[in-house]
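Coordinates as given in query-v2.txt (compact mmCIF, C-alpha atoms and all ligand atoms):
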```txt
# COMPACT_ATOMS: atom_id res chain seq x y z
CA MET A 1 75.30 101.56 66.91
CA ALA A 2 73.60 98.45 65.46
CA ILE A 3 74.13 97.87 61.74
CA GLN A 4 71.04 96.71 59.82
CA HIS A 5 71.90 93.88 57.37
CA PRO A 6 70.36 94.75 53.96
CA ASP A 7 68.84 91.20 53.53
CA ILE A 8 67.15 91.13 56.92
CA GLN A 9 63.79 92.80 57.23
CA PRO A 10 63.36 94.86 60.36
CA ALA A 11 61.18 93.16 62.99
CA VAL A 12 57.49 93.99 62.85
CA ASN A 13 55.65 94.58 66.07
CA HIS A 14 52.51 92.48 66.45
CA SER A 15 50.15 92.43 69.33
CA VAL A 16 48.15 89.19 69.32
CA GLN A 17 46.72 86.86 71.93
CA VAL A 18 48.33 83.72 70.47
CA ALA A 19 51.40 83.17 68.29
CA ILE A 20 51.77 79.87 66.47
CA ALA A 21 55.14 78.71 65.15
CA GLY A 22 54.83 76.75 61.91
CA ALA A 23 52.18 76.77 59.19
CA GLY A 24 51.88 73.01 58.90
CA PRO A 25 48.53 71.24 59.13
CA VAL A 26 48.56 71.50 62.92
CA GLY A 27 49.50 75.18 63.04
CA LEU A 28 47.00 76.16 60.37
CA MET A 29 44.21 74.15 61.99
CA MET A 30 44.88 75.71 65.38
CA ALA A 31 44.89 79.17 63.76
CA ASN A 32 41.52 78.35 62.15
CA TYR A 33 40.01 77.19 65.44
CA LEU A 34 41.25 80.11 67.44
CA GLY A 35 40.41 82.65 64.72
CA GLN A 36 36.85 81.33 64.55
CA MET A 37 36.61 81.78 68.32
CA GLY A 38 37.53 85.43 67.90
CA ILE A 39 41.07 85.05 69.22
CA ASP A 40 43.81 87.05 67.49
CA VAL A 41 46.42 84.69 66.10
CA LEU A 42 49.79 85.22 64.46
CA VAL A 43 51.23 82.31 62.47
CA VAL A 44 55.00 82.49 62.09
CA GLU A 45 56.41 80.30 59.31
CA LYS A 46 60.10 79.98 58.54
CA LEU A 47 59.50 79.28 54.83
CA ASP A 48 58.61 82.18 52.57
CA LYS A 49 55.54 80.36 51.21
CA LEU A 50 53.27 77.50 52.21
CA ILE A 51 54.20 74.02 51.06
CA ASP A 52 51.91 73.45 48.09
CA TYR A 53 52.69 69.87 47.12
CA PRO A 54 50.95 66.78 48.48
CA ARG A 55 52.57 65.27 51.55
CA ALA A 56 49.96 62.69 52.45
CA ILE A 57 48.43 59.75 50.69
CA GLY A 58 45.51 59.38 53.02
CA ILE A 59 43.26 61.09 55.52
CA ASP A 60 41.35 59.29 58.26
CA ASP A 61 37.90 59.97 59.68
CA GLU A 62 39.31 61.83 62.68
CA ALA A 63 41.12 64.32 60.44
CA LEU A 64 37.93 64.74 58.39
CA ARG A 65 36.02 65.56 61.60
CA THR A 66 38.70 68.14 62.37
CA MET A 67 38.23 69.64 58.89
CA GLN A 68 34.47 69.60 59.45
CA SER A 69 34.78 71.49 62.71
CA VAL A 70 36.42 74.44 60.97
CA GLY A 71 34.04 74.29 58.00
CA LEU A 72 36.58 72.98 55.46
CA VAL A 73 35.41 69.39 54.93
CA ASP A 74 33.49 70.18 51.71
CA ASN A 75 36.70 71.61 50.25
CA VAL A 76 38.65 68.47 51.15
CA LEU A 77 36.21 65.70 50.17
CA PRO A 78 36.41 66.19 46.36
CA HIS A 79 40.13 65.42 46.62
CA THR A 80 39.61 62.07 48.34
CA THR A 81 38.38 58.58 47.57
CA PRO A 82 36.56 56.99 50.51
CA TRP A 83 37.05 53.52 52.05
CA HIS A 84 40.51 53.14 50.66
CA ALA A 85 41.80 49.65 51.30
CA MET A 86 45.51 48.93 51.68
CA ARG A 87 47.49 45.72 51.58
CA PHE A 88 51.10 45.50 52.60
CA LEU A 89 53.08 42.63 51.08
CA THR A 90 56.45 41.13 51.83
CA PRO A 91 58.91 40.90 48.89
CA LYS A 92 57.67 37.32 48.46
CA GLY A 93 54.09 38.50 48.13
CA ARG A 94 52.82 37.42 51.57
CA CYS A 95 50.25 39.86 52.90
CA PHE A 96 51.29 40.99 56.40
CA ALA A 97 48.74 43.76 56.84
CA ASP A 98 45.34 44.07 55.23
CA ILE A 99 43.66 47.34 56.13
CA GLN A 100 40.07 47.42 54.97
CA PRO A 101 38.15 49.68 57.31
CA MET A 102 34.79 49.69 55.53
CA THR A 103 32.84 51.47 58.26
CA ASP A 104 31.84 55.05 59.02
CA GLU A 105 30.50 54.78 62.56
CA PHE A 106 32.11 58.08 63.56
CA GLY A 107 30.57 60.10 60.75
CA TRP A 108 33.09 59.71 57.94
CA PRO A 109 34.66 56.71 56.17
CA ARG A 110 37.50 55.45 58.36
CA ARG A 111 40.20 55.63 55.72
CA ASN A 112 40.34 57.80 52.61
CA ALA A 113 43.00 58.31 49.97
CA PHE A 114 43.92 61.60 48.41
CA ILE A 115 43.49 61.97 44.66
CA GLN A 116 46.85 63.35 43.59
CA PRO A 117 46.95 64.14 39.87
CA GLN A 118 49.98 66.38 40.38
CA VAL A 119 52.24 63.43 41.14
CA ASP A 120 55.06 62.50 38.75
CA ALA A 121 53.15 59.65 37.10
CA VAL A 122 49.46 58.82 36.89
CA MET A 123 48.76 55.20 35.93
CA LEU A 124 45.30 54.46 34.62
CA THR A 125 43.24 51.37 33.88
CA SER A 126 41.43 53.31 31.18
CA MET A 127 42.63 56.39 29.33
CA ALA A 128 39.03 57.64 29.44
CA ALA A 129 39.77 58.71 33.04
CA GLU A 130 42.38 61.24 31.90
CA LYS A 131 39.79 63.87 31.06
CA TYR A 132 38.64 63.93 34.71
CA LEU A 133 42.13 64.76 35.98
CA GLU A 134 44.44 67.71 35.62
CA PRO A 135 47.64 65.72 35.44
CA LYS A 136 51.03 67.36 35.62
CA ASN A 137 52.43 64.76 33.21
CA PRO A 138 50.73 62.67 30.50
CA CYS A 139 48.86 59.72 31.99
CA VAL A 140 50.01 56.17 31.27
CA LEU A 141 47.74 53.22 30.54
CA THR A 142 49.01 50.42 32.76
CA GLY A 143 45.87 48.46 33.56
CA LEU A 144 45.44 46.86 36.97
CA PRO A 145 47.22 43.60 37.75
CA VAL A 146 44.97 40.69 38.70
CA ARG A 147 45.92 37.35 40.24
CA ALA A 148 47.38 34.88 37.74
CA GLU A 149 44.39 32.52 38.20
CA PHE A 150 42.22 34.99 36.32
CA PHE A 151 44.29 34.28 33.22
CA THR A 152 44.63 30.54 33.71
CA ALA A 153 41.27 29.43 35.16
CA ASP A 154 39.57 26.99 32.80
CA LYS A 155 35.82 27.20 32.24
CA GLU A 156 35.05 23.48 31.89
CA LYS A 157 37.31 22.45 34.77
CA SER A 158 35.81 25.14 36.99
CA ARG A 159 32.25 24.04 36.13
CA LEU A 160 33.15 20.46 36.94
CA GLU A 161 34.61 21.51 40.30
CA LEU A 162 31.50 23.53 41.09
CA GLY A 163 29.16 20.78 39.92
CA VAL A 164 27.57 22.96 37.24
CA ASP A 165 26.03 21.25 34.21
CA SER A 166 25.69 22.61 30.68
CA ARG A 167 23.00 25.19 31.53
CA PRO A 168 24.07 28.87 31.54
CA LEU A 169 25.48 29.88 34.92
CA ILE A 170 24.72 33.34 36.28
CA LEU A 171 27.16 34.46 38.95
CA SER A 172 26.21 37.47 41.02
CA SER A 173 27.30 39.46 44.03
CA GLY A 174 27.16 42.99 45.36
CA GLY A 175 30.87 43.25 46.05
CA SER A 176 32.64 41.73 49.04
CA LEU A 177 30.22 43.24 51.57
CA GLY A 178 27.10 42.57 49.52
CA ALA A 179 24.59 45.22 48.53
CA GLU A 180 20.96 45.37 49.61
CA PRO A 181 19.53 46.64 46.26
CA ILE A 182 21.40 43.90 44.36
CA ASN A 183 20.24 41.23 46.84
CA LYS A 184 16.63 42.40 46.41
CA ALA A 185 16.82 42.39 42.61
CA MET A 186 18.55 38.98 42.62
CA VAL A 187 15.75 37.52 44.77
CA GLU A 188 13.30 38.65 42.07
CA LEU A 189 15.44 37.23 39.29
CA ILE A 190 16.08 33.87 40.98
CA ALA A 191 12.43 33.51 42.05
CA GLU A 192 11.39 34.17 38.44
CA ARG A 193 13.99 32.10 36.57
CA ALA A 194 15.06 29.23 38.82
CA PRO A 195 11.75 27.31 38.66
CA LYS A 196 12.02 27.27 34.85
CA GLY A 197 15.19 25.24 35.32
CA ASP A 198 16.94 26.61 32.23
CA CYS A 199 19.86 28.27 34.01
CA CYS A 200 21.88 28.02 37.22
CA PHE A 201 22.68 30.65 39.83
CA ILE A 202 25.50 31.28 42.28
CA HIS A 203 24.70 34.37 44.30
CA ALA A 204 26.84 35.86 47.09
CA THR A 205 24.75 37.84 49.56
CA GLY A 206 27.45 39.46 51.68
CA HIS A 207 27.45 39.62 55.46
CA ASN A 208 24.10 41.43 55.74
CA GLY A 209 22.24 39.30 53.23
CA THR A 210 21.44 36.25 55.33
CA TRP A 211 17.75 37.02 54.72
CA VAL A 212 18.09 36.22 51.00
CA ALA A 213 17.79 32.42 51.38
CA ASP A 214 14.77 32.80 53.69
CA GLU A 215 13.08 35.17 51.28
CA LEU A 216 13.66 32.78 48.39
CA LYS A 217 12.17 29.95 50.46
CA LYS A 218 9.09 32.10 51.06
CA ARG A 219 8.89 32.65 47.31
CA GLY A 220 8.92 28.89 46.71
CA VAL A 221 12.60 28.58 45.72
CA ASP A 222 14.32 26.79 48.59
CA PRO A 223 18.07 26.90 47.76
CA ASP A 224 18.49 23.59 49.64
CA LYS A 225 16.07 21.92 47.25
CA PHE A 226 16.77 23.72 43.96
CA GLU A 227 19.98 22.16 42.62
CA ASN A 228 20.35 25.08 40.19
CA VAL A 229 20.49 27.69 43.00
CA THR A 230 23.51 28.22 45.26
CA ILE A 231 23.41 31.01 47.81
CA ARG A 232 26.65 31.86 49.58
CA GLU A 233 27.60 34.61 51.99
CA TYR A 234 30.96 35.22 50.35
CA ILE A 235 32.81 33.93 47.31
CA ASP A 236 36.37 33.01 48.24
CA ASP A 237 37.06 31.18 44.95
CA MET A 238 36.16 34.08 42.69
CA SER A 239 38.46 33.12 39.80
CA ARG A 240 36.88 29.65 39.65
CA CYS A 241 33.30 30.96 39.88
CA MET A 242 33.94 33.68 37.31
CA ALA A 243 35.68 31.29 34.93
CA ALA A 244 32.68 28.94 35.20
CA CYS A 245 29.99 31.56 34.64
CA ASP A 246 28.27 32.63 31.44
CA LEU A 247 27.05 35.95 32.79
CA PHE A 248 28.40 37.96 35.70
CA ILE A 249 26.32 40.46 37.68
CA ASN A 250 28.26 42.68 40.04
CA ARG A 251 29.40 46.11 41.18
CA ALA A 252 31.98 47.82 38.96
CA GLY A 253 35.04 48.19 41.17
CA ALA A 254 38.31 48.58 39.29
CA SER A 255 39.60 45.11 40.25
CA THR A 256 36.31 43.48 39.27
CA LEU A 257 36.44 45.13 35.84
CA SER A 258 40.04 43.97 35.32
CA GLU A 259 39.06 40.42 36.32
CA ILE A 260 36.08 40.50 33.94
CA GLU A 261 38.45 41.59 31.15
CA ALA A 262 41.10 38.98 32.03
CA LEU A 263 38.53 36.18 31.84
CA GLY A 264 36.57 37.72 28.96
CA LYS A 265 33.14 37.57 30.61
CA PRO A 266 29.91 39.32 29.61
CA SER A 267 28.50 41.24 32.55
CA ILE A 268 25.68 43.30 33.92
CA LEU A 269 27.33 45.99 36.03
CA ILE A 270 25.51 47.85 38.78
CA PRO A 271 28.02 50.55 39.79
CA SER A 272 28.09 51.60 43.41
CA PRO A 273 26.89 55.22 43.53
CA TYR A 274 28.59 55.66 46.94
CA VAL A 275 32.09 56.26 45.56
CA ALA A 276 34.04 59.42 44.77
CA GLU A 277 32.68 61.23 41.73
CA ASN A 278 30.63 58.19 40.70
CA HIS A 279 33.82 56.63 39.30
CA GLN A 280 32.43 53.07 39.19
CA TYR A 281 29.78 54.25 36.71
CA HIS A 282 32.35 55.98 34.48
CA ASN A 283 34.68 52.96 34.59
CA ALA A 284 31.79 50.61 33.77
CA MET A 285 30.80 52.80 30.82
CA THR A 286 34.19 52.16 29.20
CA LEU A 287 33.06 48.52 28.84
CA VAL A 288 29.58 49.52 27.67
CA GLU A 289 31.13 51.70 24.96
CA LYS A 290 32.95 48.62 23.62
CA ASN A 291 29.79 46.51 23.82
CA ALA A 292 31.45 44.44 26.53
CA ALA A 293 28.90 44.95 29.33
CA VAL A 294 25.47 46.30 30.23
CA VAL A 295 25.14 48.90 32.96
CA ILE A 296 22.12 49.30 35.22
CA GLU A 297 22.45 52.27 37.53
CA GLU A 298 21.38 51.48 41.08
CA LYS A 299 18.69 54.18 40.94
CA ASN A 300 17.08 52.29 38.01
CA LEU A 301 17.60 48.80 39.43
CA THR A 302 14.43 46.78 39.95
CA GLY A 303 13.82 43.06 39.84
CA GLU A 304 11.80 43.56 36.68
CA LYS A 305 14.61 45.50 34.98
CA LEU A 306 17.18 42.84 35.89
CA VAL A 307 14.91 40.00 34.76
CA GLY A 308 14.43 41.80 31.41
CA GLU A 309 18.16 42.36 30.85
CA VAL A 310 19.06 38.77 31.73
CA GLU A 311 16.27 37.48 29.47
CA LYS A 312 17.58 39.59 26.59
CA LEU A 313 21.22 38.54 27.06
CA LEU A 314 20.56 34.82 27.50
CA SER A 315 18.27 34.75 24.46
CA ASP A 316 21.15 35.49 22.05
CA ARG A 317 24.09 33.24 22.87
CA ALA A 318 26.27 34.55 20.04
CA ALA A 319 25.79 38.16 21.15
CA LEU A 320 26.54 37.18 24.74
CA ASP A 321 29.79 35.45 23.76
CA LYS A 322 30.73 38.47 21.63
CA MET A 323 30.36 40.71 24.70
CA GLY A 324 32.77 38.44 26.54
CA GLU A 325 35.26 38.59 23.67
CA ASN A 326 34.98 42.39 23.60
CA ALA A 327 35.76 42.45 27.33
CA ARG A 328 38.77 40.21 26.80
CA GLU A 329 40.10 42.56 24.11
CA MET A 330 40.13 45.39 26.66
CA CYS A 331 42.41 43.45 29.00
CA VAL A 332 45.91 44.82 29.62
CA ARG A 333 47.70 41.52 30.11
CA ASP A 334 51.08 42.94 31.18
CA ALA A 335 49.79 45.44 33.76
CA ALA A 336 52.41 44.59 36.41
CA LYS A 337 55.24 45.10 33.91
CA ARG A 338 53.79 48.39 32.71
CA ILE A 339 53.57 49.61 36.31
CA TYR A 340 57.15 48.48 36.96
CA ASP A 341 58.37 50.28 33.81
CA CYS A 342 56.54 53.42 34.81
CA LEU A 343 58.05 53.35 38.32
CA CYS A 344 61.54 52.81 36.89
CA LYS A 345 61.07 55.86 34.68
CA VAL A 346 59.99 57.98 37.65
CA VAL A 347 62.85 56.99 39.94
CA GLY A 348 65.31 57.18 37.07
C1 LIG B 401 56.53 60.64 53.97
C2 LIG B 401 55.36 61.05 54.84
C3 LIG B 401 54.09 60.56 54.52
C4 LIG B 401 53.02 60.93 55.31
N1 LIG B 401 51.76 60.48 54.98
C5 LIG B 401 50.70 60.85 55.71
C6 LIG B 401 49.41 60.46 55.34
O1 LIG B 401 49.22 59.76 54.36
N2 LIG B 401 48.36 60.85 56.09
C7 LIG B 401 48.54 61.66 57.21
O2 LIG B 401 47.54 62.03 57.84
N3 LIG B 401 49.77 62.06 57.58
C8 LIG B 401 50.84 61.67 56.86
N4 LIG B 401 52.08 62.09 57.23
C9 LIG B 401 52.22 62.84 58.46
C10 LIG B 401 51.86 64.30 58.26
O3 LIG B 401 52.54 64.84 57.13
C11 LIG B 401 52.24 65.01 59.53
O4 LIG B 401 51.57 64.40 60.61
C12 LIG B 401 51.86 66.46 59.49
O5 LIG B 401 52.46 67.13 58.41
C13 LIG B 401 52.28 67.09 60.78
O6 LIG B 401 51.87 68.41 60.78
P1 LIG B 401 52.59 69.51 61.65
O7 LIG B 401 51.84 70.79 61.41
O8 LIG B 401 52.69 69.04 63.06
O9 LIG B 401 54.09 69.58 61.17
P2 LIG B 401 54.70 69.95 59.71
O10 LIG B 401 53.79 69.53 58.61
O11 LIG B 401 56.08 69.43 59.74
O12 LIG B 401 54.71 71.53 59.72
C14 LIG B 401 55.65 72.27 60.50
C15 LIG B 401 55.79 73.64 59.88
O13 LIG B 401 56.58 74.43 60.77
C16 LIG B 401 57.57 75.16 60.04
N5 LIG B 401 58.65 75.41 60.98
C17 LIG B 401 59.57 74.54 61.46
N6 LIG B 401 60.38 75.15 62.32
C18 LIG B 401 59.97 76.43 62.41
C19 LIG B 401 60.43 77.56 63.12
N7 LIG B 401 61.46 77.49 63.98
N8 LIG B 401 59.78 78.72 62.96
C20 LIG B 401 58.73 78.81 62.10
N9 LIG B 401 58.28 77.80 61.39
C21 LIG B 401 58.88 76.62 61.54
C22 LIG B 401 57.92 74.23 58.90
O14 LIG B 401 58.47 74.96 57.81
C23 LIG B 401 56.52 73.64 58.55
O15 LIG B 401 55.84 74.44 57.62
C24 LIG B 401 53.21 61.76 56.44
C25 LIG B 401 54.48 62.23 56.74
C26 LIG B 401 55.55 61.88 55.94
C27 LIG B 401 56.90 62.45 56.27
```
What would the structure in this file look like if it were written as structure tokens?
Ligand SMILES: Cc1cc2nc3c(=O)[nH]c(=O)nc-3n(C[C@H](O)[C@H](O)[C@H](O)COP(=O)(O)OP(=O)(O)OC[C@H]3O[C@@H](n4cnc5c(N)ncnc54)[C@H](O)[C@@H]3O)c2cc1C
Amino acid sequence: MAIQHPDIQPAVNHSVQVAIAGAGPVGLMMANYLGQMGIDVLVVEKLDKLIDYPRAIGIDDEALRTMQSVGLVDNVLPHTTPWHAMRFLTPKGRCFADIQPMTDEFGWPRRNAFIQPQVDAVMLTSMAAEKYLEPKNPCVLTGLPVRAEFFTADKEKSRLELGVDSRPLILSSGGSLGAEPINKAMVELIAERAPKGDCCFIHATGHNGTWVADELKKRGVDPDKFENVTIREYIDDMSRCMAACDLFINRAGASTLSEIEALGKPSILIPSPYVAENHQYHNAMTLVEKNAAVVIEEKNLTGEKLVGEVEKLLSDRAALDKMGENAREMCVRDAAKRIYDCLCKVVG
């Protein structure tokens, strides 16, 4: 006669069409698919509960399409940040892989990171972000490290290298890829201000903004003839250009904001609205609250609005410089050390 061990539950009889071993992402997804097709499924999991801690840092577009096909993508998206770039460095700091898939040709951004507030340490560039998280542990203000040039670049030397005279220099771009609404507004601003000859412009159009120079020509401001107008596709000497400028117009990505703070520059920020939970706007507002920047939301951006803001800022030099100083005061100068200290604390 068989003896039943008191800790072992008697077997339960199930009659199903499909049995799946393992309630991992693959098992659960298969169960979802099959269940939605009306097929009886039994999922057998060796653990007594599902793993409820994060085991991934990122999710690609293919996995998002899989989520979409079982109707779960709207539950997943709020936990992700899209277009997440990654750089892998050697111990000596040489970049051996730069993953920046900024496309969504298959329906979803190619690479997305998970927002993981339940991790052991959350490092922030602004403590104002803490209220949007439900962190397991108190958040730490570490700031975001920027390249050393952003601390050392000299304004006068940079202006000399760029061939800029004593007139105020307005540097502008729509982020590394450029942005159509910013290009359009900048055409208005440059067409309005450049002929007056009282300030200089360096504008980066991005890959899709090759039309900007032609449009300016049509508006009577040929960049080849106006020595105070420089139109580039991309700025690969950003620390020099930023150090040289008197006013910076740009998106409000986290690195950009840290660079603005490191150099102490007044700025007009036009946050990208196409980011998770509008975080560029909220990050930009931390500078606005300290009177260190002006924000124009993309939905309110017109050439006229930009012309007005620039007019106002350039008309009061002392106030403009004060904005820059306020930005500099927000800079966390030892961000890398703070991050290192935080990591040491976590790993013990
Ligand atoms: C450190 C790390 C980082 C990763 N980062 C990412 C990332 O950023 N993005 C990404 O997309 N992927 C990432 N992955 C990969 C991802 O976690 C796996 O691809 C995914 O979990 C695989 O799912 P799965 O269902 O096949 O297996 P698992 O997740 O391993 O699930 C298997 C399940 O089967 C159960 N099981 C095992 N044996 C039995 C048994 N005999 N009977 C019943 N149940 C059983 C286990 O308990 C488990 O619950 C990462 C993996 C690791 C280890």
Give the residues close to ligand LIG 401 (chain B), within 6 Å, counting only C-alpha atoms and all ligand atoms; write them as a tab-separated table (two decimals) with C-alpha atoms, keeping the file's coordinate frame.
```tsv
chain	number	residue	atom	x	y	z
A	21	ALA	CA	55.14	78.71	65.15
A	22	GLY	CA	54.83	76.75	61.91
A	23	ALA	CA	52.18	76.77	59.19
A	24	GLY	CA	51.88	73.01	58.90
A	25	PRO	CA	48.53	71.24	59.13
A	26	VAL	CA	48.56	71.50	62.92
A	27	GLY	CA	49.50	75.18	63.04
A	44	VAL	CA	55.00	82.49	62.09
A	45	GLU	CA	56.41	80.30	59.31
A	46	LYS	CA	60.10	79.98	58.54
A	47	LEU	CA	59.50	79.28	54.83
A	55	ARG	CA	52.57	65.27	51.55
A	56	ALA	CA	49.96	62.69	52.45
A	57	ILE	CA	48.43	59.75	50.69
A	58	GLY	CA	45.51	59.38	53.02
A	59	ILE	CA	43.26	61.09	55.52
```
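Checking A:Ala85, A:Ala252, A:Met186, A:Val140 one by one against Lys345 (chain A), counting all atoms listed in the file, you find the shortest gap at A:Val140.
Each of A:Val164, A:Met285, A:Cys199, A:Ala185 was compared to Ser315 (chain A) using only C-alpha atoms, and A:Cys199 turns out to be the nearest.
By only C-alpha atoms, and with residues fewer than 4 positions from Pro266 (chain A) along its chain excluded, the set lying at most 10 Å from it is Cys245, Asp246, Leu247, Phe248, Ile249, Ile260, Glu261, Leu287, Asn291, Ala292, Ala293, Val294, Leu313, Ala319, Leu320, Asp321, Lys322, Met323, Gly324, Glu325, Asn326, Ala327 and Arg328 of chain A.
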Can you pull out the residues contacting Pro223 (chain A)? Cut-off 10 Å, using only C-alpha atoms, and skip same-chain residues under 2 positions away; I want them as an MDAnalysis selection string.
chainID A and resid 190 194 201 212:214 216:217 220:221 225:231
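Our summary of the geometry notes that CA of Glu192 (chain A) is positioned 17.7 Å from CA of Trp211 (chain A).
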Need the neighbours of (40.3, 45.8, 32.8): which residues are at most 6 Å away, counting all atoms listed in the file, as a list in words?
Leu257, Ser258, Glu261 and Cys331 of chain A
Generate the output file for the selected residues, C-alpha atoms, as a PDB file, in the frame of the given file.
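Resulting contents of part_26.pdb:
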```
ATOM      1  CA  LEU A 257      36.440  45.130  35.840  1.00  0.00           C
ATOM      2  CA  SER A 258      40.040  43.970  35.320  1.00  0.00           C
ATOM      3  CA  GLU A 261      38.450  41.590  31.150  1.00  0.00           C
ATOM      4  CA  CYS A 331      42.410  43.450  29.000  1.00  0.00           C
TER       5      CYS A 331
END
```
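Checking A:Phe96, A:Phe114, A:Tyr53, A:Phe106 one by one against Pro78 (chain A), counting all atoms listed in the file, you find the shortest gap at A:Phe114.
The shell of residues at most 9 Å from Arg338 (chain A), with all atoms listed in the file counted and near chain neighbours (fewer than 2 positions) removed, consists of A:Val140, A:Leu141, A:Thr142, A:Gly143, A:Asp334, A:Ala335, A:Ala336, A:Tyr340, A:Asp341, A:Cys342, A:Leu343.
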8 Å per side around region 243-249 of chain A: axis-aligned box centre and edge lengths, as AutoDock Vina command-line options:
```
--center_x 31.0 --center_y 34.7 --center_z 34.6 --size_x 25.4 --size_y 27.5 --size_z 22.2
```
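Residues with any atom within 10 Å of Ile270 (chain A), counting only C-alpha atoms and excluding same-chain neighbours fewer than 5 positions away, are Gly174, Pro181, Ile182, Ile249, Asn250, Arg251, Ala252, Gly253, Gln280, Tyr281, Ala284, Val294, Val295, Ile296, Glu297, Glu298, Lys299, Asn300 and Leu301 of chain A.
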From the options A:Met330, A:Met29, A:Leu263, A:Val122, which residue's atoms come nearest to Gly71 (chain A), counting all atoms listed in the file?
A:Met29
Using all atoms listed in the file, which of the listed residues (A:Leu50, A:Val18, A:Leu306, A:Val146) sits closest to Lys184 (chain A)?
A:Leu306
Take region 79-136 of chain A from the block and save it with C-alpha atoms, as a compact mmCIF listing (two decimals), in the first residue's frame.
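Wrote result02.txt, looks like this:
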```txt
# COMPACT_ATOMS: atom_id res chain seq x y z
CA HIS A 79 6.69 51.02 -17.51
CA THR A 80 9.08 51.77 -20.38
CA THR A 81 11.07 54.64 -21.81
CA PRO A 82 11.29 54.53 -25.61
CA TRP A 83 14.36 54.85 -27.86
CA HIS A 84 16.75 53.92 -25.11
CA ALA A 85 20.32 54.39 -26.27
CA MET A 86 23.16 52.30 -24.85
CA ARG A 87 26.90 52.72 -24.97
CA PHE A 88 29.31 50.03 -23.89
CA LEU A 89 32.75 51.22 -22.82
CA THR A 90 36.01 49.46 -22.17
CA PRO A 91 37.63 50.06 -18.74
CA LYS A 92 39.70 52.76 -20.46
CA GLY A 93 36.57 54.52 -21.66
CA ARG A 94 36.73 53.51 -25.34
CA CYS A 95 33.26 52.99 -26.76
CA PHE A 96 33.08 49.54 -28.41
CA ALA A 97 29.34 49.44 -29.02
CA ASP A 98 26.98 52.35 -29.50
CA ILE A 99 23.39 51.20 -29.80
CA GLN A 100 21.11 54.03 -30.81
CA PRO A 101 18.21 52.56 -32.72
CA MET A 102 16.10 55.69 -33.17
CA THR A 103 13.57 54.20 -35.56
CA ASP A 104 10.14 52.59 -35.28
CA GLU A 105 9.62 51.19 -38.76
CA PHE A 106 8.02 48.02 -37.37
CA GLY A 107 5.41 49.83 -35.30
CA TRP A 108 7.19 50.38 -31.99
CA PRO A 109 10.48 52.04 -30.99
CA ARG A 110 13.26 49.53 -31.62
CA ARG A 111 14.70 49.59 -28.12
CA ASN A 112 12.99 50.54 -24.87
CA ALA A 113 14.16 50.48 -21.26
CA PHE A 114 12.07 49.42 -18.32
CA ILE A 115 11.43 51.96 -15.59
CA GLN A 116 12.37 50.05 -12.46
CA PRO A 117 11.71 52.07 -9.30
CA GLN A 118 11.79 48.90 -7.20
CA VAL A 119 15.53 48.46 -7.71
CA ASP A 120 17.93 48.82 -4.78
CA ALA A 121 18.98 52.37 -5.66
CA VAL A 122 17.39 55.06 -7.78
CA MET A 123 19.81 57.81 -8.84
CA LEU A 124 18.25 61.06 -9.99
CA THR A 125 19.42 64.20 -11.73
CA SER A 126 16.72 66.14 -9.91
CA MET A 127 14.97 65.20 -6.69
CA ALA A 128 11.79 66.65 -8.20
CA ALA A 129 11.48 63.34 -10.10
CA GLU A 130 11.03 61.36 -6.87
CA LYS A 131 7.35 62.20 -6.60
CA TYR A 132 6.69 60.44 -9.93
CA LEU A 133 8.19 57.17 -8.71
CA GLU A 134 7.25 54.66 -6.06
CA PRO A 135 10.78 53.84 -4.98
CA LYS A 136 11.55 50.96 -2.68
```
